[in-house]
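Colleague: Compact mmCIF, N, CA and C atoms, file target.txt:
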```txt
# COMPACT_ATOMS: atom_id res chain seq x y z
N MET A 1 1.10 -17.48 7.99
CA MET A 1 1.67 -16.16 7.83
C MET A 1 0.75 -15.15 8.49
N SER A 2 1.34 -14.07 8.95
CA SER A 2 0.52 -13.06 9.60
C SER A 2 1.11 -11.66 9.39
N ILE A 3 0.24 -10.69 9.62
CA ILE A 3 0.61 -9.28 9.57
C ILE A 3 0.44 -8.74 10.98
N TYR A 4 1.50 -8.16 11.53
CA TYR A 4 1.41 -7.52 12.84
C TYR A 4 1.47 -6.02 12.60
N ILE A 5 0.49 -5.29 13.11
CA ILE A 5 0.45 -3.84 12.96
C ILE A 5 0.83 -3.22 14.30
N GLN A 6 1.96 -2.54 14.33
CA GLN A 6 2.50 -2.02 15.59
C GLN A 6 1.55 -1.07 16.29
N VAL A 7 1.01 -0.10 15.60
CA VAL A 7 0.18 0.92 16.24
C VAL A 7 -1.10 0.30 16.81
N GLU A 8 -1.59 -0.76 16.21
CA GLU A 8 -2.80 -1.44 16.68
C GLU A 8 -2.47 -2.52 17.71
N ALA A 9 -1.22 -2.96 17.74
CA ALA A 9 -0.79 -4.09 18.58
C ALA A 9 -1.67 -5.31 18.31
N GLN A 10 -1.94 -5.52 17.02
CA GLN A 10 -2.79 -6.63 16.59
C GLN A 10 -2.10 -7.44 15.50
N ARG A 11 -2.42 -8.73 15.46
CA ARG A 11 -1.89 -9.63 14.43
C ARG A 11 -3.07 -10.16 13.62
N TYR A 12 -2.90 -10.20 12.31
CA TYR A 12 -3.94 -10.66 11.40
C TYR A 12 -3.38 -11.74 10.48
N ALA A 13 -4.14 -12.80 10.31
CA ALA A 13 -3.70 -13.92 9.46
C ALA A 13 -3.81 -13.54 7.99
N THR A 14 -2.87 -14.04 7.21
CA THR A 14 -2.93 -13.88 5.76
C THR A 14 -3.17 -15.24 5.13
N GLN A 15 -3.71 -15.21 3.93
CA GLN A 15 -3.93 -16.44 3.18
C GLN A 15 -3.04 -16.43 1.95
N THR A 16 -2.66 -17.60 1.51
CA THR A 16 -1.84 -17.72 0.31
C THR A 16 -2.54 -17.05 -0.86
N GLY A 17 -1.80 -16.25 -1.60
CA GLY A 17 -2.33 -15.62 -2.81
C GLY A 17 -3.03 -14.30 -2.62
N GLU A 18 -3.06 -13.76 -1.40
CA GLU A 18 -3.69 -12.46 -1.21
C GLU A 18 -2.64 -11.42 -0.84
N THR A 19 -2.86 -10.20 -1.32
CA THR A 19 -1.96 -9.11 -0.97
C THR A 19 -2.18 -8.72 0.49
N LEU A 20 -1.27 -7.94 1.02
CA LEU A 20 -1.43 -7.45 2.39
C LEU A 20 -2.71 -6.63 2.50
N TYR A 21 -2.98 -5.82 1.49
CA TYR A 21 -4.20 -5.01 1.47
C TYR A 21 -5.44 -5.90 1.53
N GLU A 22 -5.48 -6.96 0.72
CA GLU A 22 -6.62 -7.87 0.70
C GLU A 22 -6.79 -8.57 2.05
N ALA A 23 -5.69 -8.98 2.65
CA ALA A 23 -5.76 -9.66 3.95
C ALA A 23 -6.33 -8.73 5.01
N LEU A 24 -5.87 -7.50 5.04
CA LEU A 24 -6.36 -6.55 6.04
C LEU A 24 -7.83 -6.22 5.80
N ALA A 25 -8.23 -6.08 4.54
CA ALA A 25 -9.64 -5.81 4.22
C ALA A 25 -10.52 -6.97 4.66
N ARG A 26 -10.04 -8.18 4.48
CA ARG A 26 -10.79 -9.37 4.90
C ARG A 26 -11.04 -9.35 6.41
N HIS A 27 -10.13 -8.74 7.15
CA HIS A 27 -10.28 -8.64 8.61
C HIS A 27 -11.00 -7.36 9.04
N GLY A 28 -11.54 -6.62 8.07
CA GLY A 28 -12.32 -5.43 8.39
C GLY A 28 -11.54 -4.15 8.55
N LEU A 29 -10.26 -4.16 8.19
CA LEU A 29 -9.45 -2.93 8.26
C LEU A 29 -9.44 -2.24 6.91
N ALA A 30 -9.88 -1.00 6.89
CA ALA A 30 -9.89 -0.22 5.66
C ALA A 30 -8.59 0.58 5.58
N VAL A 31 -7.72 0.19 4.69
CA VAL A 31 -6.46 0.89 4.49
C VAL A 31 -6.68 1.97 3.44
N ARG A 32 -6.17 3.16 3.71
CA ARG A 32 -6.31 4.27 2.76
C ARG A 32 -5.68 3.85 1.43
N LYS A 33 -6.41 4.08 0.34
CA LYS A 33 -5.95 3.65 -0.97
C LYS A 33 -6.51 4.58 -2.04
N ALA A 34 -6.00 4.41 -3.25
CA ALA A 34 -6.54 5.13 -4.40
C ALA A 34 -6.54 4.21 -5.62
N CYS A 35 -5.36 3.85 -6.10
CA CYS A 35 -5.29 3.10 -7.36
C CYS A 35 -5.33 1.58 -7.22
N VAL A 36 -4.83 1.05 -6.14
CA VAL A 36 -4.73 -0.39 -5.85
C VAL A 36 -3.92 -1.14 -6.91
N ASN A 37 -2.98 -0.45 -7.56
CA ASN A 37 -2.10 -1.14 -8.51
C ASN A 37 -0.65 -0.72 -8.39
N GLY A 38 -0.29 -0.05 -7.29
CA GLY A 38 1.10 0.29 -7.03
C GLY A 38 1.60 1.57 -7.65
N ALA A 39 0.72 2.35 -8.27
CA ALA A 39 1.16 3.54 -8.97
C ALA A 39 1.13 4.82 -8.13
N CYS A 40 0.19 4.94 -7.21
CA CYS A 40 0.00 6.23 -6.55
C CYS A 40 0.76 6.39 -5.23
N GLY A 41 0.95 5.32 -4.49
CA GLY A 41 1.65 5.40 -3.22
C GLY A 41 0.81 5.80 -2.04
N VAL A 42 -0.49 5.98 -2.21
CA VAL A 42 -1.36 6.41 -1.12
C VAL A 42 -1.38 5.40 0.02
N CYS A 43 -1.31 4.12 -0.28
CA CYS A 43 -1.40 3.08 0.75
C CYS A 43 -0.07 2.78 1.44
N ARG A 44 0.98 3.45 1.08
CA ARG A 44 2.31 3.09 1.57
C ARG A 44 2.39 3.01 3.09
N CYS A 45 3.22 2.10 3.54
CA CYS A 45 3.49 1.93 4.96
C CYS A 45 4.92 1.43 5.10
N ARG A 46 5.40 1.38 6.32
CA ARG A 46 6.77 0.94 6.56
C ARG A 46 6.79 -0.53 6.97
N LEU A 47 7.65 -1.29 6.31
CA LEU A 47 7.88 -2.69 6.66
C LEU A 47 8.96 -2.71 7.73
N VAL A 48 8.59 -3.07 8.95
CA VAL A 48 9.51 -3.06 10.09
C VAL A 48 10.26 -4.39 10.20
N ALA A 49 9.57 -5.48 9.90
CA ALA A 49 10.18 -6.81 9.97
C ALA A 49 9.53 -7.71 8.94
N GLY A 50 10.30 -8.69 8.47
CA GLY A 50 9.79 -9.63 7.48
C GLY A 50 10.14 -9.19 6.07
N ALA A 51 9.54 -9.84 5.11
CA ALA A 51 9.81 -9.55 3.71
C ALA A 51 8.53 -9.67 2.89
N VAL A 52 8.48 -8.90 1.81
CA VAL A 52 7.35 -8.97 0.89
C VAL A 52 7.87 -9.21 -0.52
N ASP A 53 6.97 -9.67 -1.37
CA ASP A 53 7.29 -9.90 -2.78
C ASP A 53 6.21 -9.20 -3.60
N TYR A 54 6.61 -8.51 -4.65
CA TYR A 54 5.65 -7.83 -5.52
C TYR A 54 5.24 -8.70 -6.71
N ARG A 55 5.77 -9.89 -6.79
CA ARG A 55 5.43 -10.86 -7.84
C ARG A 55 5.48 -10.26 -9.24
N GLY A 56 6.59 -9.60 -9.51
CA GLY A 56 6.83 -9.06 -10.84
C GLY A 56 6.25 -7.68 -11.09
N ARG A 57 5.45 -7.18 -10.18
CA ARG A 57 4.89 -5.84 -10.35
C ARG A 57 5.88 -4.82 -9.80
N GLN A 58 5.80 -3.61 -10.29
CA GLN A 58 6.70 -2.56 -9.85
C GLN A 58 5.98 -1.59 -8.91
N PRO A 59 6.60 -1.26 -7.78
CA PRO A 59 6.00 -0.28 -6.86
C PRO A 59 6.31 1.14 -7.31
N TYR A 60 5.71 1.56 -8.42
CA TYR A 60 5.98 2.88 -8.99
C TYR A 60 5.60 4.01 -8.04
N GLY A 61 4.72 3.75 -7.09
CA GLY A 61 4.30 4.77 -6.14
C GLY A 61 5.33 5.08 -5.06
N LEU A 62 6.47 4.41 -5.11
CA LEU A 62 7.55 4.66 -4.14
C LEU A 62 8.80 5.12 -4.88
N ASP A 63 9.38 6.22 -4.43
CA ASP A 63 10.66 6.61 -5.02
C ASP A 63 11.78 5.84 -4.32
N GLU A 64 12.98 5.99 -4.81
CA GLU A 64 14.12 5.23 -4.28
C GLU A 64 14.36 5.52 -2.80
N THR A 65 14.18 6.77 -2.39
CA THR A 65 14.37 7.13 -0.98
C THR A 65 13.38 6.39 -0.10
N ALA A 66 12.11 6.39 -0.49
CA ALA A 66 11.08 5.70 0.29
C ALA A 66 11.39 4.20 0.38
N ARG A 67 11.80 3.60 -0.73
CA ARG A 67 12.14 2.17 -0.72
C ARG A 67 13.30 1.90 0.23
N SER A 68 14.32 2.76 0.18
CA SER A 68 15.49 2.54 1.04
C SER A 68 15.16 2.74 2.52
N GLU A 69 14.10 3.49 2.81
CA GLU A 69 13.66 3.72 4.19
C GLU A 69 12.70 2.63 4.66
N GLY A 70 12.44 1.64 3.82
CA GLY A 70 11.62 0.50 4.22
C GLY A 70 10.14 0.59 3.90
N TYR A 71 9.76 1.57 3.09
CA TYR A 71 8.34 1.68 2.73
C TYR A 71 7.97 0.65 1.67
N ILE A 72 6.74 0.16 1.78
CA ILE A 72 6.20 -0.79 0.81
C ILE A 72 4.79 -0.35 0.42
N LEU A 73 4.25 -1.01 -0.60
CA LEU A 73 2.88 -0.76 -1.03
C LEU A 73 2.04 -2.01 -0.78
N PRO A 74 1.24 -2.03 0.27
CA PRO A 74 0.47 -3.23 0.60
C PRO A 74 -0.55 -3.62 -0.46
N CYS A 75 -0.92 -2.70 -1.35
CA CYS A 75 -1.90 -3.04 -2.38
C CYS A 75 -1.37 -4.06 -3.38
N ILE A 76 -0.03 -4.15 -3.53
CA ILE A 76 0.55 -5.12 -4.48
C ILE A 76 1.57 -6.04 -3.82
N ALA A 77 1.72 -5.93 -2.49
CA ALA A 77 2.74 -6.71 -1.78
C ALA A 77 2.14 -7.98 -1.18
N TYR A 78 2.88 -9.07 -1.31
CA TYR A 78 2.50 -10.36 -0.74
C TYR A 78 3.50 -10.70 0.36
N ALA A 79 3.00 -11.15 1.50
CA ALA A 79 3.88 -11.49 2.62
C ALA A 79 4.69 -12.73 2.30
N GLU A 80 5.96 -12.68 2.64
CA GLU A 80 6.86 -13.83 2.54
C GLU A 80 7.11 -14.30 3.97
N GLY A 81 6.10 -14.82 4.61
CA GLY A 81 6.18 -15.17 6.02
C GLY A 81 5.55 -14.06 6.85
N ASP A 82 5.81 -14.06 8.14
CA ASP A 82 5.25 -13.04 9.03
C ASP A 82 5.88 -11.68 8.74
N VAL A 83 5.06 -10.63 8.77
CA VAL A 83 5.55 -9.27 8.56
C VAL A 83 5.03 -8.37 9.67
N THR A 84 5.78 -7.31 9.94
CA THR A 84 5.36 -6.28 10.89
C THR A 84 5.32 -4.96 10.14
N LEU A 85 4.20 -4.24 10.26
CA LEU A 85 4.01 -2.97 9.56
C LEU A 85 3.85 -1.84 10.56
N ASN A 86 4.27 -0.66 10.14
CA ASN A 86 4.09 0.56 10.91
C ASN A 86 3.71 1.66 9.93
N GLU A 87 3.16 2.74 10.45
CA GLU A 87 2.75 3.89 9.64
C GLU A 87 1.70 3.50 8.60
N LEU A 88 0.87 2.52 8.92
CA LEU A 88 -0.21 2.10 8.04
C LEU A 88 -1.35 3.11 8.17
N ARG A 89 -1.86 3.55 7.05
CA ARG A 89 -2.92 4.57 7.05
C ARG A 89 -4.29 3.86 7.07
N ILE A 90 -4.81 3.68 8.26
CA ILE A 90 -6.10 3.00 8.42
C ILE A 90 -7.21 4.05 8.45
N VAL A 91 -8.24 3.84 7.64
CA VAL A 91 -9.38 4.75 7.60
C VAL A 91 -10.33 4.38 8.72
N ARG A 92 -10.66 5.34 9.53
CA ARG A 92 -11.56 5.07 10.68
C ARG A 92 -12.91 5.69 10.43
```
Take the structure I supplied and represent it as structure tokens, if you would.

Modeller:
Amino acid sequence: MSIYIQVEAQRYATQTGETLYEALARHGLAVRKACVNGACGVCRCRLVAGAVDYRGRQPYGLDETARSEGYILPCIAYAEGDVTLNELRIVR
């Protein structure tokens, strides 16, 4: 499984059992965050392709409009195969 970040034009491998946030951190990418439990929405990004699973957790940091527009919370999202992300807030 992998994460492709459009703005970076880079692909990063994910490991079973890690969130998208954890996978990106393992590769040295600092994603803007605050709560890391799905409540605040600071880490939100757009899922362009693929699917994620929240494994029973609720993405409270996203309202219905954001969800319908394809936004996800990488801090609690697990990749279900290859995913493509856009609008990821990377701290430089």

Colleague: If I take CA of Tyr54 (chain A) and CA of Arg92 (chain A), how far is one from the other in Å, to one decimal?

Modeller: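 For CA of Tyr54 (chain A) relative to CA of Arg92 (chain A), the distance reads 26.9 Å.
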
Colleague: As a list in words, please: the residues near Cys43 (chain A) (cut-off 6.5 Å, only N, CA and C atoms, same-chain neighbours under 6 positions excluded).

Modeller: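 Skipping anything fewer than 6 positions along the chain leaves Val31, Arg32, Lys33, Ala34, Ile72, Leu73, Pro74, Cys75 and Arg89 of chain A.
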
Colleague: Please report the interatomic distance between CA of Val36 (chain A) and CA of Ala79 (chain A) in Å with one decimal.

Modeller: 16.4 Å

Colleague: If we count only C-alpha atoms and set the cut-off at 7 Å, which residues sit around region 2-8 of chain A, ignoring sequence neighbours fewer than 5 positions away in its own chain? Please answer as a PyMOL selection string.

Modeller: chain A and resi 13-14+82-86

Colleague: For the strand (DSSP E or B) assignment from backbone DSSP, which residues of chain A qualify? Please present them as a PDB file with N, CA and C atoms, keeping the file's coordinate frame.

Modeller:
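What landed in states00.pdb:
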```pdb
ATOM      1  N   SER A   2       1.340 -14.070   8.950  1.00  0.00           N
ATOM      2  CA  SER A   2       0.520 -13.060   9.600  1.00  0.00           C
ATOM      3  C   SER A   2       1.110 -11.660   9.390  1.00  0.00           C
ATOM      4  N   ILE A   3       0.240 -10.690   9.620  1.00  0.00           N
ATOM      5  CA  ILE A   3       0.610  -9.280   9.570  1.00  0.00           C
ATOM      6  C   ILE A   3       0.440  -8.740  10.980  1.00  0.00           C
ATOM      7  N   TYR A   4       1.500  -8.160  11.530  1.00  0.00           N
ATOM      8  CA  TYR A   4       1.410  -7.520  12.840  1.00  0.00           C
ATOM      9  C   TYR A   4       1.470  -6.020  12.600  1.00  0.00           C
ATOM     10  N   ILE A   5       0.490  -5.290  13.110  1.00  0.00           N
ATOM     11  CA  ILE A   5       0.450  -3.840  12.960  1.00  0.00           C
ATOM     12  C   ILE A   5       0.830  -3.220  14.300  1.00  0.00           C
ATOM     13  N   GLN A  10      -1.940  -5.520  17.020  1.00  0.00           N
ATOM     14  CA  GLN A  10      -2.790  -6.630  16.590  1.00  0.00           C
ATOM     15  C   GLN A  10      -2.100  -7.440  15.500  1.00  0.00           C
ATOM     16  N   ARG A  11      -2.420  -8.730  15.460  1.00  0.00           N
ATOM     17  CA  ARG A  11      -1.890  -9.630  14.430  1.00  0.00           C
ATOM     18  C   ARG A  11      -3.070 -10.160  13.620  1.00  0.00           C
ATOM     19  N   TYR A  12      -2.900 -10.200  12.310  1.00  0.00           N
ATOM     20  CA  TYR A  12      -3.940 -10.660  11.400  1.00  0.00           C
ATOM     21  C   TYR A  12      -3.380 -11.740  10.480  1.00  0.00           C
ATOM     22  N   ALA A  13      -4.140 -12.800  10.310  1.00  0.00           N
ATOM     23  CA  ALA A  13      -3.700 -13.920   9.460  1.00  0.00           C
ATOM     24  C   ALA A  13      -3.810 -13.540   7.990  1.00  0.00           C
ATOM     25  N   VAL A  31      -7.720   0.190   4.690  1.00  0.00           N
ATOM     26  CA  VAL A  31      -6.460   0.890   4.490  1.00  0.00           C
ATOM     27  C   VAL A  31      -6.680   1.970   3.440  1.00  0.00           C
ATOM     28  N   CYS A  45       3.220   2.100   3.540  1.00  0.00           N
ATOM     29  CA  CYS A  45       3.490   1.930   4.960  1.00  0.00           C
ATOM     30  C   CYS A  45       4.920   1.430   5.100  1.00  0.00           C
ATOM     31  N   ARG A  46       5.400   1.380   6.320  1.00  0.00           N
ATOM     32  CA  ARG A  46       6.770   0.940   6.560  1.00  0.00           C
ATOM     33  C   ARG A  46       6.790  -0.530   6.970  1.00  0.00           C
ATOM     34  N   LEU A  47       7.650  -1.290   6.310  1.00  0.00           N
ATOM     35  CA  LEU A  47       7.880  -2.690   6.660  1.00  0.00           C
ATOM     36  C   LEU A  47       8.960  -2.710   7.730  1.00  0.00           C
ATOM     37  N   VAL A  48       8.590  -3.070   8.950  1.00  0.00           N
ATOM     38  CA  VAL A  48       9.510  -3.060  10.090  1.00  0.00           C
ATOM     39  C   VAL A  48      10.260  -4.390  10.200  1.00  0.00           C
ATOM     40  N   ALA A  49       9.570  -5.480   9.900  1.00  0.00           N
ATOM     41  CA  ALA A  49      10.180  -6.810   9.970  1.00  0.00           C
ATOM     42  C   ALA A  49       9.530  -7.710   8.940  1.00  0.00           C
ATOM     43  N   VAL A  52       8.480  -8.900   1.810  1.00  0.00           N
ATOM     44  CA  VAL A  52       7.350  -8.970   0.890  1.00  0.00           C
ATOM     45  C   VAL A  52       7.870  -9.210  -0.520  1.00  0.00           C
ATOM     46  N   ASP A  53       6.970  -9.670  -1.370  1.00  0.00           N
ATOM     47  CA  ASP A  53       7.290  -9.900  -2.780  1.00  0.00           C
ATOM     48  C   ASP A  53       6.210  -9.200  -3.600  1.00  0.00           C
ATOM     49  N   TYR A  71       9.760   1.570   3.090  1.00  0.00           N
ATOM     50  CA  TYR A  71       8.340   1.680   2.730  1.00  0.00           C
ATOM     51  C   TYR A  71       7.970   0.650   1.670  1.00  0.00           C
ATOM     52  N   ILE A  72       6.740   0.160   1.780  1.00  0.00           N
ATOM     53  CA  ILE A  72       6.200  -0.790   0.810  1.00  0.00           C
ATOM     54  C   ILE A  72       4.790  -0.350   0.420  1.00  0.00           C
ATOM     55  N   TYR A  78       2.880  -9.070  -1.310  1.00  0.00           N
ATOM     56  CA  TYR A  78       2.500 -10.360  -0.740  1.00  0.00           C
ATOM     57  C   TYR A  78       3.500 -10.700   0.360  1.00  0.00           C
ATOM     58  N   ALA A  79       3.000 -11.150   1.500  1.00  0.00           N
ATOM     59  CA  ALA A  79       3.880 -11.490   2.620  1.00  0.00           C
ATOM     60  C   ALA A  79       4.690 -12.730   2.300  1.00  0.00           C
ATOM     61  N   VAL A  83       5.060 -10.630   8.770  1.00  0.00           N
ATOM     62  CA  VAL A  83       5.550  -9.270   8.560  1.00  0.00           C
ATOM     63  C   VAL A  83       5.030  -8.370   9.670  1.00  0.00           C
ATOM     64  N   THR A  84       5.780  -7.310   9.940  1.00  0.00           N
ATOM     65  CA  THR A  84       5.360  -6.280  10.890  1.00  0.00           C
ATOM     66  C   THR A  84       5.320  -4.960  10.140  1.00  0.00           C
ATOM     67  N   LEU A  85       4.200  -4.240  10.260  1.00  0.00           N
ATOM     68  CA  LEU A  85       4.010  -2.970   9.560  1.00  0.00           C
ATOM     69  C   LEU A  85       3.850  -1.840  10.560  1.00  0.00           C
ATOM     70  N   ASN A  86       4.270  -0.660  10.140  1.00  0.00           N
ATOM     71  CA  ASN A  86       4.090   0.560  10.910  1.00  0.00           C
ATOM     72  C   ASN A  86       3.710   1.660   9.930  1.00  0.00           C
ATOM     73  N   ILE A  90      -4.810   3.680   8.260  1.00  0.00           N
ATOM     74  CA  ILE A  90      -6.100   3.000   8.420  1.00  0.00           C
ATOM     75  C   ILE A  90      -7.210   4.050   8.450  1.00  0.00           C
TER      76      ILE A  90
END
```

Colleague: Could you check the closest approach to Ala66 (chain A) for each of A:Gly28, A:Gly41, A:Gly81, A:Ala51 and tell me which residue wins, using only C-alpha atoms?

Modeller: A:Gly41

Colleague: For Arg57 (chain A), which residue out of A:Met1, A:Leu24, A:Ile90, A:Ile76 is the nearest one, using all atoms listed in the file?

Modeller: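 Comparing A:Met1, A:Leu24, A:Ile90, A:Ile76 against Arg57 (chain A), the winner is A:Ile76.
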
Colleague: Between atom N of Cys35 (chain A) and atom N of Gln10 (chain A), what distance in Å does the model show, to one decimal?

Modeller: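 Result for atom N of Cys35 (chain A) versus atom N of Gln10 (chain A): 25.2 Å, one decimal.
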
Colleague: Edge lengths and centre in Å to one decimal, as lines of an AutoDock Vina configuration file, of the axis-aligned box that encloses all listed atoms of region 37-48 of chain A with 3 Å added on every side?

Modeller:
```
center_x = 3.6
center_y = 1.0
center_z = 0.6
size_x = 19.2
size_y = 16.8
size_z = 25.2
```
